[in-house]
Amino acid sequence: MGVVHAAATDSVVLENVRLIDGMGGPPQEHAIVVIKGGRIAAVGTATTISVPRGAHVVDLDGKSVLPGLISDHSHLGMVDGTSASAKNATAANIERQLRQFEAYGVTTVTSLGLNGAPFYQLRGPAHQGSLPGADIFGADRGIGVPGGAPPVDAGPDQLYRPHTAAEARQAVREAAARHTDLVKVWVDDFHGSLPVKMKPEIYRAVIDEAHKHGLRVAAHVYYLDDARQLVADGVDILAHGVRDKPVDAAFIAAMKARHTWYIPTLGLDEDFYIFAEQPALLGDPLLAHALQPALRNELANPGWRAGVLAKPAGIAVDKQALAMNQRNLKALFDAGVNIGFGTDSGAMPLRIPGYAEHRELHLMTDAGLTPLQAIDIATHQAASLLRLNDRGVIAPGKLADLLIVDGDPARDIGDVDRIDAVWHRGKEVSHGIGAFLP
Ligand SMILES: [Zn+2]
């Protein structure tokens, strides 16, 4: 590399790109993106942009550039290999997951509850850009139910289970003191598998106390009736899709009137069975590079497969839930409800960081959204849910968080899986997933 002019050494120019800027419009062909100091400095074409002298120029002919994906619903540090446990919540394990998300183009991740001290230890460096991997936001420990949801092995330093409204308010105050980004509640009984649901007096206290502290509340839901009551009681984000019944006009109107966000998490029901039903997926590099060795061994084990497939009634329920979730997503999207992006990746071993987000984009287009609509939700809208206006679109002044893929995902969402490179804060942090070791 020769000597370049000092003023230009930190400028990078991506040229000949197919630009999908995250603002919903059609791709711009032969675009130029100028990056400086970790941010987008300019976007245009050869007729509108003069390339800075001495800038490092990268020709991306045939490739598409889109904003880094943003997850509004994942979990960090819960899973390691085939185990899901509080014991996995070490800084090293979280950092490994953040690098995996980033290698798959997910440059911002929201850990929606179950966060202990390591999360807060890493959040500052992640925001500063000094921690390798995706940037992180989160919902503190989260607020569950004594003897009920969430059915996870989490200690008191990772999860509250208040018995009274007063205890619930205290939990919110403690989370606020730690400067949490959001508050999480688990409301339902996990499809009848748990003996109790959260009492309305508890989640009402959480919502009221959170709003007093300027915090928004995201709720784990499954059933329409719970979702309807939560929206009426002022919840800000439904963190899963409604999967038992079609949403109705009254529910849609309430969500619109209150500007409630909706994160469908389509993939989570499919995760229960798809790897058993489709063992050929193990040969797909997109999946293979996302699997830790213990998980890869499990998915390749015929005994494990047979065990999953031996419960066809359960699989049928999961498939019905996915179909209802997709139907409701399409209805809510068409009605203009705010849709966020998330998969619950990292909550359980089969909800695989990075891979799940790519699969979710496919499931959104299967639900009837166009590829550009799905991409807009996974970038621009996902940032809006988090109230982040420094990312989610490719425009001057925004963080240069970029997913570069072969082909044109605006025409075929499958092209979003053809990862060429990921840039984070203006630096190329990975070139394809081939070099990534989970
Ligand atoms: Zn979750």
# chains A, B, ... in the order shown; residues from 1 in each chain; ligands from 1
$ residues_around --residues "Ile49 (chain A)" --least-positions-apart "3" --cutoff "9 Å" --atoms "only C-alpha atoms" --output "PyMOL selection string"
chain A and resi 32-34+42-46+52
$ residues_near_ligand --ligand "ligand 1" --cutoff "8 Å" --atoms "only C-alpha atoms and all ligand atoms" --output "PyMOL selection string"
chain A and resi 73-75+111-113+220+239+343-345+347
$ select_by_dssp --residues "region 48-190 of chain A" --states "helix (DSSP H, G or I)" --output "PyMOL selection string"
chain A and resi 86-88+91-103+117-128+165-177
$ atom_distance --atom1 "CA of Ile375 (chain A)" --atom2 "CA of Gly22 (chain A)"
6.7 Å
$ closest_residue --among "A:Phe341, A:Tyr160, A:Tyr222, A:Tyr355" --to "Thr379 (chain A)" --atoms "only C-alpha atoms"
A:Phe341
$ atom_distance --atom1 "CA of Val247 (chain A)" --atom2 "CA of Leu224 (chain A)"
6.9 Å
$ closest_residue --among "A:Phe101, A:Phe272, A:Phe436, A:Tyr120" --to "Ala177 (chain A)" --atoms "only C-alpha atoms"
A:Tyr120
$ closest_residue --among "A:Pro349, A:Pro26, A:Gly37, A:Pro162" --to "Val12 (chain A)" --atoms "only C-alpha atoms"
A:Gly37
$ closest_residue --among "A:Gly148, A:Gly434, A:Gly105, A:Pro27" --to "Pro285 (chain A)" --atoms "only C-alpha atoms"
A:Gly434
$ atom_distance --atom1 "CA of Val235 (chain A)" --atom2 "CA of Ala219 (chain A)"
7.2 Å
$ closest_atom_pairs --of "region 200-299 of chain A" --to "region 404-421 of chain A" --cutoff "12 Å" --atoms "only C-alpha atoms" --output "CSV"
residue,atom,partner,partner_atom,distance
A:Asp284,CA,A:Asp417,CA,10.5
A:Pro285,CA,A:Asp417,CA,9.8
A:Leu286,CA,A:Asp417,CA,7.1
A:Leu287,CA,A:Asp417,CA,10.2
$ closest_residue --among "A:Trp186, A:Tyr273, A:Tyr104, A:Phe251" --to "Ile143 (chain A)" --atoms "only C-alpha atoms"
A:Trp186
$ select_by_dssp --residues "region 78-141 of chain A" --states "strand (DSSP E)" --output "NGL selection string"
:A and (79-80 or 83-84 or 106-111 or 135-138)
